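See below for final05.pdb, which holds PDB, C-alpha atoms, pLDDT in the B column.
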```
ATOM      1  CA  MET W   1      82.208  53.099 170.138  1.00 51.00           C
ATOM      2  CA  ALA W   2      79.224  53.209 167.775  1.00 81.00           C
ATOM      3  CA  LYS W   3      77.495  49.902 166.990  1.00 83.00           C
ATOM      4  CA  GLU W   4      75.242  49.292 164.024  1.00 87.00           C
ATOM      5  CA  ILE W   5      72.667  46.525 164.464  1.00 92.00           C
ATOM      6  CA  GLU W   6      70.107  46.335 161.705  1.00 94.00           C
ATOM      7  CA  HIS W   7      67.577  44.077 160.028  1.00 96.00           C
ATOM      8  CA  LYS W   8      67.124  44.299 156.256  1.00 97.00           C
ATOM      9  CA  PHE W   9      64.005  43.342 154.260  1.00 98.00           C
ATOM     10  CA  THR W  10      62.718  43.418 150.726  1.00 98.00           C
ATOM     11  CA  VAL W  11      59.591  45.501 150.120  1.00 98.00           C
ATOM     12  CA  LYS W  12      56.436  44.181 148.424  1.00 97.00           C
ATOM     13  CA  SER W  13      54.420  47.347 147.779  1.00 97.00           C
ATOM     14  CA  ASP W  14      54.869  51.091 147.428  1.00 97.00           C
ATOM     15  CA  LYS W  15      52.642  52.015 150.394  1.00 97.00           C
ATOM     16  CA  TYR W  16      55.746  53.373 152.171  1.00 98.00           C
ATOM     17  CA  LYS W  17      55.815  56.285 149.683  1.00 97.00           C
ATOM     18  CA  SER W  18      52.843  57.997 151.310  1.00 97.00           C
ATOM     19  CA  LEU W  19      54.544  57.938 154.731  1.00 97.00           C
ATOM     20  CA  ALA W  20      57.579  60.147 154.060  1.00 97.00           C
ATOM     21  CA  THR W  21      59.257  62.527 151.632  1.00 97.00           C
ATOM     22  CA  PRO W  22      62.296  60.983 149.921  1.00 98.00           C
ATOM     23  CA  THR W  23      65.849  62.337 149.959  1.00 98.00           C
ATOM     24  CA  LEU W  24      68.212  61.688 147.048  1.00 98.00           C
ATOM     25  CA  TYR W  25      71.408  59.846 148.012  1.00 98.00           C
ATOM     26  CA  ARG W  26      74.609  59.348 146.044  1.00 98.00           C
ATOM     27  CA  GLN W  27      77.258  57.140 147.570  1.00 97.00           C
ATOM     28  CA  GLY W  28      80.448  55.344 146.685  1.00 97.00           C
ATOM     29  CA  TYR W  29      83.075  53.171 148.300  1.00 96.00           C
ATOM     30  CA  ILE W  30      86.815  53.632 148.705  1.00 96.00           C
ATOM     31  CA  PRO W  31      88.545  50.292 148.085  1.00 92.00           C
ATOM     32  CA  THR W  32      89.993  48.510 151.132  1.00 91.00           C
ATOM     33  CA  THR W  33      91.806  45.202 151.553  1.00 85.00           C
ATOM     34  CA  ASN W  34      91.016  44.426 155.191  1.00 85.00           C
ATOM     35  CA  GLY W  35      87.266  43.762 155.038  1.00 82.00           C
ATOM     36  CA  MET W  36      86.442  47.238 156.319  1.00 91.00           C
ATOM     37  CA  THR W  37      84.004  49.435 154.386  1.00 93.00           C
ATOM     38  CA  VAL W  38      84.737  53.109 153.737  1.00 96.00           C
ATOM     39  CA  ARG W  39      81.715  54.919 152.308  1.00 97.00           C
ATOM     40  CA  VAL W  40      81.362  58.476 151.027  1.00 98.00           C
ATOM     41  CA  ARG W  41      77.817  59.784 150.772  1.00 98.00           C
ATOM     42  CA  ILE W  42      75.867  62.843 149.783  1.00 98.00           C
ATOM     43  CA  ALA W  43      72.397  62.826 151.348  1.00 98.00           C
ATOM     44  CA  GLY W  44      70.347  65.752 150.158  1.00 97.00           C
ATOM     45  CA  GLU W  45      72.597  68.759 150.864  1.00 97.00           C
ATOM     46  CA  LYS W  46      74.977  67.065 153.343  1.00 98.00           C
ATOM     47  CA  GLY W  47      78.169  65.069 152.912  1.00 98.00           C
ATOM     48  CA  PHE W  48      79.366  62.162 155.066  1.00 98.00           C
ATOM     49  CA  VAL W  49      82.230  59.714 155.354  1.00 98.00           C
ATOM     50  CA  THR W  50      81.585  56.409 157.148  1.00 97.00           C
ATOM     51  CA  PHE W  51      83.896  53.663 158.372  1.00 96.00           C
ATOM     52  CA  LYS W  52      82.452  50.198 159.092  1.00 93.00           C
ATOM     53  CA  ASP W  53      84.255  47.060 160.217  1.00 91.00           C
ATOM     54  CA  LYS W  54      83.316  43.440 159.509  1.00 85.00           C
ATOM     55  CA  THR W  55      79.816  42.336 160.468  1.00 81.00           C
ATOM     56  CA  ILE W  56      79.542  39.741 163.217  1.00 79.00           C
ATOM     57  CA  GLY W  57      75.995  38.377 163.416  1.00 77.00           C
ATOM     58  CA  MET W  58      73.959  41.510 162.755  1.00 77.00           C
ATOM     59  CA  SER W  59      76.386  43.914 164.478  1.00 85.00           C
ATOM     60  CA  ARG W  60      79.393  45.945 163.437  1.00 88.00           C
ATOM     61  CA  ASN W  61      81.238  49.043 164.519  1.00 92.00           C
ATOM     62  CA  GLU W  62      80.302  52.140 162.555  1.00 94.00           C
ATOM     63  CA  PHE W  63      81.745  55.647 162.677  1.00 95.00           C
ATOM     64  CA  GLU W  64      80.122  58.379 160.576  1.00 96.00           C
ATOM     65  CA  TYR W  65      81.245  61.991 160.219  1.00 97.00           C
ATOM     66  CA  GLU W  66      79.663  64.920 158.419  1.00 98.00           C
ATOM     67  CA  ILE W  67      81.993  66.568 155.909  1.00 98.00           C
ATOM     68  CA  PRO W  68      81.523  69.499 153.529  1.00 98.00           C
ATOM     69  CA  VAL W  69      79.398  68.438 150.558  1.00 98.00           C
ATOM     70  CA  ALA W  70      82.011  69.791 148.123  1.00 98.00           C
ATOM     71  CA  GLU W  71      84.615  67.461 149.655  1.00 98.00           C
ATOM     72  CA  ALA W  72      82.206  64.513 149.529  1.00 98.00           C
ATOM     73  CA  CYS W  73      81.557  65.261 145.844  1.00 98.00           C
ATOM     74  CA  GLN W  74      85.294  65.407 145.121  1.00 98.00           C
ATOM     75  CA  MET W  75      85.870  62.108 146.991  1.00 98.00           C
ATOM     76  CA  LEU W  76      83.049  60.444 145.033  1.00 98.00           C
ATOM     77  CA  ASP W  77      84.532  61.689 141.765  1.00 97.00           C
ATOM     78  CA  THR W  78      88.184  60.853 142.492  1.00 97.00           C
ATOM     79  CA  LEU W  79      88.563  58.259 145.287  1.00 97.00           C
ATOM     80  CA  CYS W  80      85.525  55.989 145.045  1.00 96.00           C
ATOM     81  CA  ASP W  81      85.118  52.996 142.766  1.00 93.00           C
ATOM     82  CA  LYS W  82      82.587  53.139 139.952  1.00 92.00           C
ATOM     83  CA  PRO W  83      79.756  52.449 139.475  1.00 92.00           C
ATOM     84  CA  GLN W  84      78.195  54.163 142.471  1.00 95.00           C
ATOM     85  CA  ILE W  85      74.850  53.954 144.226  1.00 97.00           C
ATOM     86  CA  GLU W  86      72.019  56.396 143.631  1.00 98.00           C
ATOM     87  CA  LYS W  87      68.766  55.991 145.501  1.00 98.00           C
ATOM     88  CA  TYR W  88      65.845  57.711 147.146  1.00 98.00           C
ATOM     89  CA  ARG W  89      65.574  57.149 150.885  1.00 98.00           C
ATOM     90  CA  TYR W  90      62.306  57.375 152.807  1.00 98.00           C
ATOM     91  CA  VAL W  91      62.645  57.626 156.614  1.00 98.00           C
ATOM     92  CA  ILE W  92      59.524  56.375 158.383  1.00 98.00           C
ATOM     93  CA  PRO W  93      58.984  56.465 162.168  1.00 97.00           C
ATOM     94  CA  ALA W  94      58.361  53.140 163.917  1.00 97.00           C
ATOM     95  CA  GLU W  95      57.491  52.135 167.466  1.00 95.00           C
ATOM     96  CA  GLN W  96      59.956  52.524 170.392  1.00 94.00           C
ATOM     97  CA  GLY W  97      61.600  55.525 168.718  1.00 95.00           C
ATOM     98  CA  LEU W  98      62.908  53.282 165.922  1.00 97.00           C
ATOM     99  CA  LYS W  99      62.717  54.197 162.236  1.00 98.00           C
ATOM    100  CA  TRP W 100      62.430  52.398 158.938  1.00 98.00           C
ATOM    101  CA  GLU W 101      64.764  53.518 156.146  1.00 98.00           C
ATOM    102  CA  VAL W 102      63.388  52.475 152.765  1.00 98.00           C
ATOM    103  CA  ASP W 103      65.803  52.702 149.844  1.00 98.00           C
ATOM    104  CA  GLU W 104      64.422  52.851 146.307  1.00 98.00           C
ATOM    105  CA  PHE W 105      67.413  52.307 144.034  1.00 98.00           C
ATOM    106  CA  LEU W 106      68.071  54.021 140.708  1.00 98.00           C
ATOM    107  CA  GLY W 107      70.338  53.324 137.727  1.00 96.00           C
ATOM    108  CA  ASP W 108      71.711  49.778 137.450  1.00 95.00           C
ATOM    109  CA  ASN W 109      69.851  48.876 140.663  1.00 97.00           C
ATOM    110  CA  ALA W 110      66.455  50.253 139.546  1.00 97.00           C
ATOM    111  CA  GLY W 111      63.587  48.037 140.637  1.00 97.00           C
ATOM    112  CA  LEU W 112      65.209  47.077 143.936  1.00 98.00           C
ATOM    113  CA  VAL W 113      63.553  48.422 147.089  1.00 98.00           C
ATOM    114  CA  VAL W 114      64.995  47.484 150.484  1.00 98.00           C
ATOM    115  CA  ALA W 115      63.948  48.522 154.003  1.00 98.00           C
ATOM    116  CA  GLU W 116      66.185  48.538 157.068  1.00 98.00           C
ATOM    117  CA  ILE W 117      65.474  49.053 160.721  1.00 97.00           C
ATOM    118  CA  GLU W 118      68.328  49.767 163.118  1.00 95.00           C
ATOM    119  CA  VAL W 119      67.812  48.378 166.626  1.00 95.00           C
ATOM    120  CA  PRO W 120      69.637  48.917 169.941  1.00 94.00           C
ATOM    121  CA  ALA W 121      70.179  45.169 170.562  1.00 91.00           C
ATOM    122  CA  GLU W 122      70.069  42.034 168.404  1.00 89.00           C
ATOM    123  CA  ASP W 123      67.077  40.695 170.385  1.00 92.00           C
ATOM    124  CA  THR W 124      64.977  43.886 170.060  1.00 94.00           C
ATOM    125  CA  LYS W 125      61.401  43.075 168.995  1.00 95.00           C
ATOM    126  CA  PHE W 126      59.569  45.238 166.463  1.00 96.00           C
ATOM    127  CA  SER W 127      56.491  45.101 164.249  1.00 96.00           C
ATOM    128  CA  LEU W 128      56.610  44.667 160.485  1.00 97.00           C
ATOM    129  CA  PRO W 129      54.585  47.104 158.368  1.00 97.00           C
ATOM    130  CA  GLU W 130      52.274  45.570 155.761  1.00 97.00           C
ATOM    131  CA  TRP W 131      54.612  46.623 152.930  1.00 98.00           C
ATOM    132  CA  ILE W 132      57.547  44.546 154.238  1.00 98.00           C
ATOM    133  CA  ASP W 133      58.264  41.262 152.444  1.00 98.00           C
ATOM    134  CA  LYS W 134      61.075  38.838 153.356  1.00 97.00           C
ATOM    135  CA  GLU W 135      64.053  39.365 155.637  1.00 97.00           C
ATOM    136  CA  VAL W 136      67.407  39.428 153.839  1.00 97.00           C
ATOM    137  CA  THR W 137      69.632  40.348 156.785  1.00 94.00           C
ATOM    138  CA  GLY W 138      72.989  38.695 156.222  1.00 90.00           C
ATOM    139  CA  ASP W 139      72.496  38.209 152.470  1.00 95.00           C
ATOM    140  CA  LYS W 140      75.494  40.183 151.242  1.00 92.00           C
ATOM    141  CA  LYS W 141      74.134  40.726 147.723  1.00 96.00           C
ATOM    142  CA  TYR W 142      71.752  43.319 149.244  1.00 97.00           C
ATOM    143  CA  ASN W 143      74.621  45.338 150.775  1.00 94.00           C
ATOM    144  CA  ASN W 144      75.102  48.675 149.030  1.00 94.00           C
ATOM    145  CA  SER W 145      78.833  47.981 148.728  1.00 91.00           C
ATOM    146  CA  GLN W 146      78.014  44.770 146.823  1.00 93.00           C
ATOM    147  CA  LEU W 147      75.349  46.439 144.671  1.00 95.00           C
ATOM    148  CA  CYS W 148      78.169  48.577 143.249  1.00 93.00           C
ATOM    149  CA  LYS W 149      80.031  45.420 142.186  1.00 91.00           C
ATOM    150  CA  LYS W 150      77.057  43.326 141.058  1.00 95.00           C
ATOM    151  CA  PRO W 151      74.015  45.524 140.467  1.00 96.00           C
ATOM    152  CA  TYR W 152      70.443  44.322 140.674  1.00 97.00           C
ATOM    153  CA  LYS W 153      70.068  44.333 136.866  1.00 96.00           C
ATOM    154  CA  GLU W 154      72.630  41.479 136.721  1.00 95.00           C
ATOM    155  CA  TRP W 155      70.864  39.140 139.176  1.00 96.00           C
TER     156      TRP W 155
END
```
This structure in structure tokens:
Amino acid sequence: MAKEIEHKFTVKSDKYKSLATPTLYRQGYIPTTNGMTVRVRIAGEKGFVTFKDKTIGMSRNEFEYEIPVAEACQMLDTLCDKPQIEKYRYVIPAEQGLKWEVDEFLGDNAGLVVAEIEVPAEDTKFSLPEWIDKEVTGDKKYNNSQLCKKPYKEW
């Protein structure tokens, strides 16, 4: 079983931009009624479908599968709620084989920049780069699935 344990932060400067080349992401969510999240994503030239259950603390089960990009595009167009998320993602190596994923949102979420670091255990220690601002782990308004419902421009 795959576990996702991550910390989420706001970002206070654009110094992260010089550390990686961004990839364009488009993603949407298939409506569910049981608290589970079903995400369809196109990242660069690859398609994915992801299933996530409810978060407990900072952890949740996550299952992600690569699918043909044409199928991901069709799912985004026909199965996923609107509006959808568009963003640039920068992947930046960190210590202990960890990595920072910095998302620079577009469209209705333009101006929002969030960084996440996925860790192997909730008590894993890591350093914060100078461009990291405040931790927002657990604040649901920063979840991509919520940004579709209430975008940053409405805050």
Give me, as an NGL selection string, all polymer residues having an atom no more than 10 Å from Ser13 in chain W, counting all atoms listed in the file and skipping those fewer than 2 positions away in the same chain.
:W and (10-11 or 15-17 or 113 or 130-133)
Evaluated on this file, the PyMOL selection byres ((chain W and resi 127) around 9) picks out some residues - which ones are they, written as a PyMOL selection string?
chain W and resi 94-95+125-126+128-129
Which residues fall under the PyMOL selection byres ((chain W and resi 115-123) around 9) in this file, as a compact mmCIF listing (two decimals) with C-alpha atoms, in the frame of the given file?
```
# COMPACT_ATOMS: atom_id res chain seq x y z
CA LYS W 3 77.50 49.90 166.99
CA GLU W 4 75.24 49.29 164.02
CA ILE W 5 72.67 46.52 164.46
CA GLU W 6 70.11 46.34 161.71
CA HIS W 7 67.58 44.08 160.03
CA LYS W 8 67.12 44.30 156.26
CA PHE W 9 64.00 43.34 154.26
CA THR W 10 62.72 43.42 150.73
CA VAL W 11 59.59 45.50 150.12
CA GLY W 57 76.00 38.38 163.42
CA MET W 58 73.96 41.51 162.76
CA SER W 59 76.39 43.91 164.48
CA ALA W 94 58.36 53.14 163.92
CA LEU W 98 62.91 53.28 165.92
CA LYS W 99 62.72 54.20 162.24
CA TRP W 100 62.43 52.40 158.94
CA GLU W 101 64.76 53.52 156.15
CA VAL W 102 63.39 52.48 152.76
CA ASP W 103 65.80 52.70 149.84
CA GLU W 104 64.42 52.85 146.31
CA VAL W 113 63.55 48.42 147.09
CA VAL W 114 65.00 47.48 150.48
CA THR W 124 64.98 43.89 170.06
CA LYS W 125 61.40 43.08 169.00
CA PHE W 126 59.57 45.24 166.46
CA ILE W 132 57.55 44.55 154.24
CA THR W 137 69.63 40.35 156.78
```
Got a sec to resolve the PyMOL selection byres ((chain W and resi 35) around 12) on this structure and send the residues as number ranges by chain?
W: 30-34, 36-38, 51-56, 60, 145
Selected residue of minimal separation from Glu45 in chain W among W:Leu112, W:Leu19, W:Ala72, W:Cys80, counting all atoms listed in the file
W:Ala72
Between CA of Pro68 in chain W and CA of Ile85 in chain W, what distance in Å does the model show, to one decimal?
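Computed distance, CA of Pro68 in chain W to CA of Ile85 in chain W, equals 19.3 Å.
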Enclose all atoms of range 50-54 of chain W listed in the file in an axis-aligned box, grow every side by 8 Å, and hand back centre and edge lengths in Å to one decimal, as lines of an AutoDock Vina configuration file.
```
center_x = 82.9
center_y = 49.9
center_z = 158.7
size_x = 18.7
size_y = 29.0
size_z = 19.1
```
Enter the distance from CA of Thr23 in chain W to CA of Pro83 in chain W, in Å, rounded to one decimal.
20.0 Å
Residue nearest Asp14 in chain W - candidates W:Tyr65, W:Lys149, W:Gly47, W:Tyr90, atoms counted: only C-alpha atoms:
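When distances to Asp14 in chain W are compared using only C-alpha atoms, the smallest one comes from W:Tyr90.
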Leaving out Glu66 in chain W and any residue of its chain fewer than 5 positions from it, which residues lie within 9 Å of it when counting only C-alpha atoms, given as a VMD selection string?
chain W and resid 46 to 50
Mind writing the picked residues with C-alpha atoms as a short mmCIF file (atom, residue, chain, number, x, y, z; two decimals), in the coordinates of the input?
```cif
data_model
loop_
_atom_site.label_atom_id
_atom_site.label_comp_id
_atom_site.auth_asym_id
_atom_site.auth_seq_id
_atom_site.Cartn_x
_atom_site.Cartn_y
_atom_site.Cartn_z
CA LYS W 46 74.98 67.06 153.34
CA GLY W 47 78.17 65.07 152.91
CA PHE W 48 79.37 62.16 155.07
CA VAL W 49 82.23 59.71 155.35
CA THR W 50 81.58 56.41 157.15
#
```
What is the distance between CA of Ile42 in chain W and CA of Gln27 in chain W, in Å to one decimal?
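Between these atoms lies a distance of 6.3 Å.
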Check the smallest atom-to-atom distance from each of W:Glu71, W:Glu154, W:Glu135, W:Asp108 to Lys87 in chain W using all atoms listed in the file, then report the winner.
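Comparing W:Glu71, W:Glu154, W:Glu135, W:Asp108 against Lys87 in chain W, the winner is W:Asp108.
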Proximity to Asn143 in chain W - best of W:Ala20, W:Tyr29, W:Val91, W:Ala70, all atoms listed in the file:
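With all atoms listed in the file as the atom set, the closest residue is W:Tyr29.
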